[in-house]
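Engineer: Have a peek at work-v2.txt (compact mmCIF, C-alpha atoms and all ligand atoms).
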```txt
# COMPACT_ATOMS: atom_id res chain seq x y z
CA MET R 520 -15.79 -236.46 -313.96
CA SER R 521 -16.04 -235.43 -310.31
CA GLU R 522 -13.68 -236.57 -307.61
CA TYR R 523 -14.81 -239.29 -305.19
CA ILE R 524 -14.41 -238.31 -301.54
CA PRO R 525 -14.78 -241.27 -299.14
CA SER R 526 -16.73 -240.88 -295.89
CA PRO R 527 -14.65 -239.48 -293.03
CA THR R 528 -16.21 -242.21 -290.86
CA ASP R 529 -13.74 -245.06 -291.09
CA TRP R 530 -16.09 -248.08 -290.77
CA VAL R 531 -18.46 -246.56 -293.35
CA ALA R 532 -15.66 -245.85 -295.83
CA LYS R 533 -14.38 -249.43 -295.36
CA GLN R 534 -17.82 -250.89 -296.02
CA VAL R 535 -18.13 -248.91 -299.26
CA GLU R 536 -14.66 -249.98 -300.36
CA LEU R 537 -15.32 -253.68 -299.74
CA TYR R 538 -18.81 -253.60 -301.27
CA GLU R 539 -17.63 -251.84 -304.44
CA SER R 540 -14.24 -253.49 -304.91
CA SER R 541 -15.89 -256.92 -304.65
CA GLY R 542 -18.44 -255.96 -307.32
CA GLY R 543 -21.24 -256.25 -304.78
CA THR R 544 -20.40 -259.69 -303.40
CA GLU R 545 -18.85 -258.77 -300.03
CA GLY R 546 -19.56 -256.27 -297.26
CA LEU R 547 -23.26 -256.48 -297.99
CA THR R 548 -24.69 -256.24 -294.45
CA LEU R 549 -24.60 -253.85 -291.53
CA ARG R 550 -21.91 -255.09 -289.18
CA ASP R 551 -23.16 -258.23 -287.39
CA THR R 552 -26.90 -257.64 -287.96
CA GLY R 553 -26.94 -259.72 -291.15
CA LEU R 554 -29.31 -257.11 -292.62
CA PRO R 555 -28.70 -255.97 -296.20
CA VAL R 556 -27.24 -252.64 -297.23
CA ILE R 557 -27.32 -250.66 -300.49
CA ILE R 558 -24.86 -247.98 -301.61
CA VAL R 559 -26.35 -244.65 -302.67
CA THR R 560 -24.01 -242.57 -304.81
CA ASN R 561 -24.89 -238.89 -304.44
CA THR R 562 -23.35 -235.51 -305.23
CA GLY R 563 -21.95 -233.23 -302.52
CA ARG R 564 -24.04 -230.09 -302.67
CA LYS R 565 -21.07 -227.81 -301.87
CA THR R 566 -18.07 -229.72 -303.19
CA GLY R 567 -19.78 -231.31 -306.20
CA ALA R 568 -17.80 -234.41 -305.22
CA ILE R 569 -19.07 -237.97 -305.54
CA ARG R 570 -20.29 -239.25 -302.17
CA LYS R 571 -21.12 -242.89 -301.49
CA THR R 572 -23.53 -243.52 -298.64
CA PRO R 573 -24.38 -247.01 -297.41
CA LEU R 574 -27.98 -247.30 -296.20
CA MET R 575 -30.20 -250.15 -295.12
CA ARG R 576 -31.89 -251.92 -298.00
CA VAL R 577 -35.59 -251.13 -297.77
CA ALA R 578 -37.43 -252.18 -300.93
CA ASP R 579 -40.94 -251.23 -302.04
CA GLY R 580 -41.46 -253.01 -305.35
CA ASP R 581 -38.90 -251.56 -307.78
CA ASN R 582 -38.36 -248.57 -305.50
CA TYR R 583 -36.10 -248.15 -302.52
CA VAL R 584 -36.94 -246.29 -299.32
CA LEU R 585 -34.07 -244.20 -297.94
CA VAL R 586 -34.24 -243.32 -294.24
CA ALA R 587 -32.11 -240.38 -293.04
CA SER R 588 -31.86 -241.73 -289.50
CA LYS R 589 -28.16 -241.18 -288.77
CA GLY R 590 -28.59 -243.48 -285.75
CA GLY R 591 -31.13 -241.11 -284.17
CA ALA R 592 -28.70 -238.16 -284.10
CA PRO R 593 -30.28 -234.74 -283.43
CA GLU R 594 -29.36 -233.45 -286.90
CA HIS R 595 -30.00 -234.73 -290.41
CA PRO R 596 -27.09 -236.44 -292.14
CA PHE R 597 -25.29 -234.38 -294.81
CA TRP R 598 -26.51 -236.71 -297.51
CA TYR R 599 -30.07 -235.55 -296.77
CA TYR R 600 -29.12 -232.06 -298.01
CA ASN R 601 -27.21 -233.51 -300.94
CA LEU R 602 -30.31 -235.38 -302.10
CA LYS R 603 -32.52 -232.30 -301.66
CA ALA R 604 -30.10 -230.30 -303.84
CA ASP R 605 -29.63 -233.02 -306.48
CA PRO R 606 -32.09 -235.93 -306.51
CA ASN R 607 -30.21 -237.93 -309.13
CA VAL R 608 -28.52 -240.95 -307.60
CA GLU R 609 -27.09 -244.31 -308.51
CA ILE R 610 -28.02 -247.20 -306.27
CA ARG R 611 -25.98 -250.37 -305.98
CA ASP R 612 -27.87 -253.35 -304.62
CA LYS R 613 -25.40 -256.22 -304.50
CA THR R 614 -24.29 -256.75 -308.11
CA GLU R 615 -26.98 -254.54 -309.65
CA LEU R 616 -26.62 -250.82 -310.43
CA TYR R 617 -29.68 -248.62 -310.91
CA THR R 618 -30.03 -245.02 -312.07
CA MET R 619 -32.69 -243.48 -309.87
CA ARG R 620 -34.27 -240.23 -308.78
CA VAL R 621 -35.31 -239.54 -305.21
CA ARG R 622 -38.05 -237.43 -303.66
CA GLU R 623 -38.69 -236.70 -300.03
CA VAL R 624 -41.97 -238.19 -298.88
CA ASN R 625 -44.07 -235.49 -297.24
CA ASP R 626 -47.58 -236.87 -297.71
CA PRO R 627 -48.49 -238.26 -294.24
CA ALA R 628 -50.28 -241.38 -295.53
CA GLU R 629 -47.53 -242.26 -297.96
CA ARG R 630 -44.89 -241.62 -295.30
CA GLN R 631 -46.69 -243.83 -292.80
CA ARG R 632 -46.87 -246.71 -295.29
CA LEU R 633 -43.18 -246.43 -296.21
CA TRP R 634 -42.09 -245.94 -292.59
CA ALA R 635 -43.79 -249.21 -291.67
CA ILE R 636 -41.93 -251.01 -294.45
CA ALA R 637 -38.67 -249.45 -293.29
CA VAL R 638 -39.16 -250.48 -289.65
CA GLU R 639 -40.06 -254.00 -290.72
CA ALA R 640 -36.81 -254.21 -292.69
CA PHE R 641 -34.71 -252.58 -289.95
CA PRO R 642 -36.47 -252.39 -286.54
CA PRO R 643 -33.90 -250.03 -284.94
CA TYR R 644 -35.27 -247.18 -287.09
CA GLN R 645 -38.15 -246.96 -284.60
CA GLN R 646 -35.74 -246.63 -281.67
CA TYR R 647 -33.85 -243.94 -283.57
CA GLN R 648 -37.10 -242.01 -284.10
CA ASN R 649 -37.99 -242.37 -280.42
CA LYS R 650 -34.68 -240.92 -279.29
CA THR R 651 -34.65 -237.80 -281.50
CA ASP R 652 -36.92 -234.75 -281.63
CA ARG R 653 -36.64 -234.39 -285.41
CA LEU R 654 -38.99 -236.26 -287.71
CA ILE R 655 -36.64 -238.62 -289.51
CA PRO R 656 -36.81 -237.85 -293.24
CA VAL R 657 -37.88 -240.56 -295.66
CA PHE R 658 -37.09 -240.55 -299.37
CA VAL R 659 -38.35 -242.83 -302.07
CA ALA R 660 -35.96 -243.66 -304.92
CA GLU R 661 -37.65 -244.46 -308.21
CA PRO R 662 -36.09 -245.88 -311.39
CA VAL R 663 -35.39 -243.35 -314.14
CA ALA R 664 -37.07 -244.62 -317.29
N1 LIG R 701 -27.31 -243.87 -292.13
C1 LIG R 701 -28.59 -243.52 -292.19
O1 LIG R 701 -28.93 -242.35 -292.00
N2 LIG R 701 -29.56 -244.46 -292.47
C2 LIG R 701 -29.24 -245.77 -292.71
O2 LIG R 701 -30.13 -246.57 -293.03
C3 LIG R 701 -27.86 -246.15 -292.62
C4 LIG R 701 -27.43 -247.47 -292.82
C5 LIG R 701 -26.06 -247.77 -292.85
C6 LIG R 701 -25.62 -249.08 -293.16
C7 LIG R 701 -24.29 -249.35 -293.26
C8 LIG R 701 -23.35 -248.33 -293.05
O3 LIG R 701 -22.04 -248.60 -293.21
C9 LIG R 701 -23.76 -247.05 -292.74
C10 LIG R 701 -25.12 -246.74 -292.63
N3 LIG R 701 -25.57 -245.46 -292.34
C11 LIG R 701 -26.91 -245.14 -292.36
C12 LIG R 701 -24.59 -244.36 -292.11
C13 LIG R 701 -24.51 -243.50 -293.38
O4 LIG R 701 -23.80 -244.19 -294.38
C14 LIG R 701 -23.86 -242.13 -293.10
O5 LIG R 701 -22.51 -242.35 -292.74
C15 LIG R 701 -24.55 -241.36 -292.01
O6 LIG R 701 -25.93 -241.26 -292.29
C16 LIG R 701 -23.98 -239.97 -291.89
O7 LIG R 701 -24.12 -239.32 -293.15
P1 LIG R 701 -23.37 -237.96 -293.47
O8 LIG R 701 -23.69 -237.60 -294.90
O9 LIG R 701 -23.67 -236.96 -292.42
O10 LIG R 701 -21.86 -238.48 -293.43
C17 LIG R 701 -20.84 -237.80 -292.78
C18 LIG R 701 -20.02 -238.73 -291.89
C19 LIG R 701 -19.96 -237.29 -293.87
O11 LIG R 701 -19.65 -237.97 -294.83
N4 LIG R 701 -19.60 -236.07 -293.73
C20 LIG R 701 -18.72 -235.41 -294.68
C21 LIG R 701 -17.70 -234.62 -293.92
O12 LIG R 701 -16.69 -234.31 -294.54
O13 LIG R 701 -17.91 -234.35 -292.73
C22 LIG R 701 -19.50 -234.45 -295.54
C23 LIG R 701 -20.21 -235.21 -296.61
C24 LIG R 701 -20.94 -234.31 -297.59
O14 LIG R 701 -21.86 -234.80 -298.24
N5 LIG R 701 -20.55 -233.03 -297.80
C25 LIG R 701 -21.23 -232.15 -298.74
C26 LIG R 701 -20.41 -231.87 -299.97
O15 LIG R 701 -20.66 -230.84 -300.64
O16 LIG R 701 -19.56 -232.70 -300.33
C27 LIG R 701 -21.62 -230.83 -298.07
C28 LIG R 701 -22.53 -231.08 -296.92
C29 LIG R 701 -23.06 -229.78 -296.34
O17 LIG R 701 -24.24 -229.51 -296.54
O18 LIG R 701 -22.26 -229.06 -295.70
```
Would you mind giving the structure from this file in structure tokens?
Structural biologist:
Amino acid sequence: MSEYIPSPTDWVAKQVELYESSGGTEGLTLRDTGLPVIIVTNTGRKTGAIRKTPLMRVADGDNYVLVASKGGAPEHPFWYYNLKADPNVEIRDKTELYTMRVREVNDPAERQRLWAIAVEAFPPYQQYQNKTDRLIPVFVAEPVA
């Protein structure tokens, strides 16, 4: 069993702690936006440690869309590289836990469709894309049968 290393970003670590310790009944939204968040448990590609990353909840049927926006920062978040190295994740959506596998969406038509869904769920993603030179990566998480 790997060690869990909380995010070094205090407000993120606190959100994960509240979300998980309440069994998915508290800490469910991003700050004061009222918009829902999921927790993506991933594996640190160097440490092998358990990492828990809150992301906006963007649903496409039974799948989730994961947007590596990092607030429009110039670089990808670390979790992007973790998911590329090991696509097996667990996703908590409120009280539900799902075993899922992710893939980066590279097909332009598929990406465009999923990006539109993401921006509808969380409009600031478009501002984040406008302020950075990188193309913000999009993953789709699919249930493991
Ligand atoms: N971030 C997004 O990108 N998209 C979202 O939709 C989003 C929503 C959201 C909602 C609520 C909330 O609380 C946070 C939200 N965030 C969102 C922020 C998100 O949770 C991450 O904090 C953010 O994307 C930055 O991700 P990060 O993986 O770069 O995290 C940093 C702060 C971090 O944890 N860094 C660690 C550190 O020690 O500096 C390293 C973590 C790590 O994975 N290390 C790897 C390892 O092996 O363990 C090695 C990494 C490497 O390649 O060197």
Engineer: Can you check which parts of chain R lie within 6 Å of ligand LIG 701 (chain R)? Per residue, the shortest pair of atoms and distance in Å to one decimal, counting all atoms listed in the file, sorted by chain and number, as a tab-separated table.
Structural biologist:
```
residue	atom	partner	partner_atom	distance
R:Ser526	CA	R:LIG701	O11	4.3
R:Pro527	CA	R:LIG701	O11	5.5
R:Thr528	CA	R:LIG701	C18	5.3
R:Val531	CA	R:LIG701	O3	4.1
R:Gln534	CA	R:LIG701	O3	5.6
R:Leu549	CA	R:LIG701	C7	4.8
R:Val556	CA	R:LIG701	C6	5.6
R:Gly563	CA	R:LIG701	C26	3.3
R:Arg564	CA	R:LIG701	O15	4.0
R:Lys565	CA	R:LIG701	O15	3.3
R:Thr566	CA	R:LIG701	O15	3.8
R:Gly567	CA	R:LIG701	O15	5.6
R:Ala568	CA	R:LIG701	O16	5.5
R:Thr572	CA	R:LIG701	O4	4.3
R:Pro573	CA	R:LIG701	O4	4.2
R:Leu574	CA	R:LIG701	C4	3.4
R:Met575	CA	R:LIG701	O2	4.1
R:Val586	CA	R:LIG701	N2	5.1
R:Ala587	CA	R:LIG701	O1	3.9
R:Ser588	CA	R:LIG701	O1	3.9
R:Lys589	CA	R:LIG701	O1	3.5
R:Pro596	CA	R:LIG701	O9	3.5
R:Phe597	CA	R:LIG701	O8	3.6
R:Trp598	CA	R:LIG701	O8	3.9
R:Tyr600	CA	R:LIG701	O17	5.7
```
Engineer: Please determine, counting only C-alpha atoms, which residue among R:Asn561, R:Asn625, R:Gln646, R:Ser521 has the shortest atom-to-atom distance to R:Ala604.
Structural biologist: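 The shortest atom-to-atom distance to R:Ala604 comes from R:Asn561.
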Engineer: What is the atom CA of R:Ala637-atom CA of R:Asn582 distance in Å, reported with one decimal?
Structural biologist: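 So the answer is 12.2 Å.
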Engineer: I'd like the neighbourhood of stretch 662-664 of chain R as a PDB file with C-alpha atoms, keeping the file's coordinate frame, where a residue qualifies if any of its atoms comes within 10 Å (using all atoms listed in the file), though same-chain residues fewer than 5 positions away should be ignored.
Structural biologist:
```pdb
ATOM      1  CA  ASP R 581     -38.900-251.560-307.780  1.00  0.00           C
ATOM      2  CA  ASN R 582     -38.360-248.570-305.500  1.00  0.00           C
ATOM      3  CA  TYR R 583     -36.100-248.150-302.520  1.00  0.00           C
ATOM      4  CA  ASN R 607     -30.210-237.930-309.130  1.00  0.00           C
ATOM      5  CA  VAL R 608     -28.520-240.950-307.600  1.00  0.00           C
ATOM      6  CA  GLU R 609     -27.090-244.310-308.510  1.00  0.00           C
ATOM      7  CA  ILE R 610     -28.020-247.200-306.270  1.00  0.00           C
ATOM      8  CA  TYR R 617     -29.680-248.620-310.910  1.00  0.00           C
ATOM      9  CA  THR R 618     -30.030-245.020-312.070  1.00  0.00           C
ATOM     10  CA  MET R 619     -32.690-243.480-309.870  1.00  0.00           C
ATOM     11  CA  ARG R 620     -34.270-240.230-308.780  1.00  0.00           C
ATOM     12  CA  VAL R 621     -35.310-239.540-305.210  1.00  0.00           C
TER      13      VAL R 621
END
```
Engineer: Rounded to one decimal, what separation in Å do you get between atom CA of R:Gly580 and atom CA of R:Glu639?
Structural biologist: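 We find that atom CA of R:Gly580 and atom CA of R:Glu639 lie 14.7 Å from each other.
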Engineer: Report the distance between atom CA of R:Tyr599 and atom CA of R:Arg611 in Å, rounded to one decimal place.
Structural biologist: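 So the answer is 17.9 Å.
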Engineer: Under the rule that all atoms listed in the file are counted, which of R:Tyr647, R:Glu623, R:Ile636, R:Lys613 is the nearest residue to R:Ser541?
Structural biologist: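 Using all atoms listed in the file, the shortest distance to R:Ser541 belongs to R:Lys613.
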Engineer: Point out the residue among R:Val584, R:Pro642, R:Gly542, R:Pro525 with the least atom-to-atom distance to R:Leu554, counting only C-alpha atoms.
Structural biologist: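 Going through R:Val584, R:Pro642, R:Gly542, R:Pro525 one by one, the smallest distance to R:Leu554 is for R:Pro642.
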Engineer: Just want the 10 Å neighbourhood of R:Leu633, counted on all atoms listed in the file, with same-chain residues fewer than 4 positions away dropped. Output as a list in words.
Structural biologist: Val577, Ala578, Asp579, Tyr583, Val584, Leu585, Val586, Val624, Pro627, Ala628, Glu629, Ala637, Val638, Glu639, Val657, Phe658 and Val659 of chain R
Engineer: For R:Pro656, which residue out of R:Arg550, R:His595, R:Arg632, R:Arg576 is the nearest one, using only C-alpha atoms?
Structural biologist: R:His595
Engineer: For R:Lys571, which of R:Ile524, R:Pro555, R:Asn601, R:Pro593 is the closest residue, counting all atoms listed in the file?
Structural biologist: R:Ile524
Engineer: Quick one: of R:Ala640, R:Trp634, R:Asp652, R:Thr614, who's nearest to R:Ser540, counting only C-alpha atoms?
Structural biologist: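 Of R:Ala640, R:Trp634, R:Asp652, R:Thr614, the one nearest R:Ser540, counting only C-alpha atoms, is R:Thr614.
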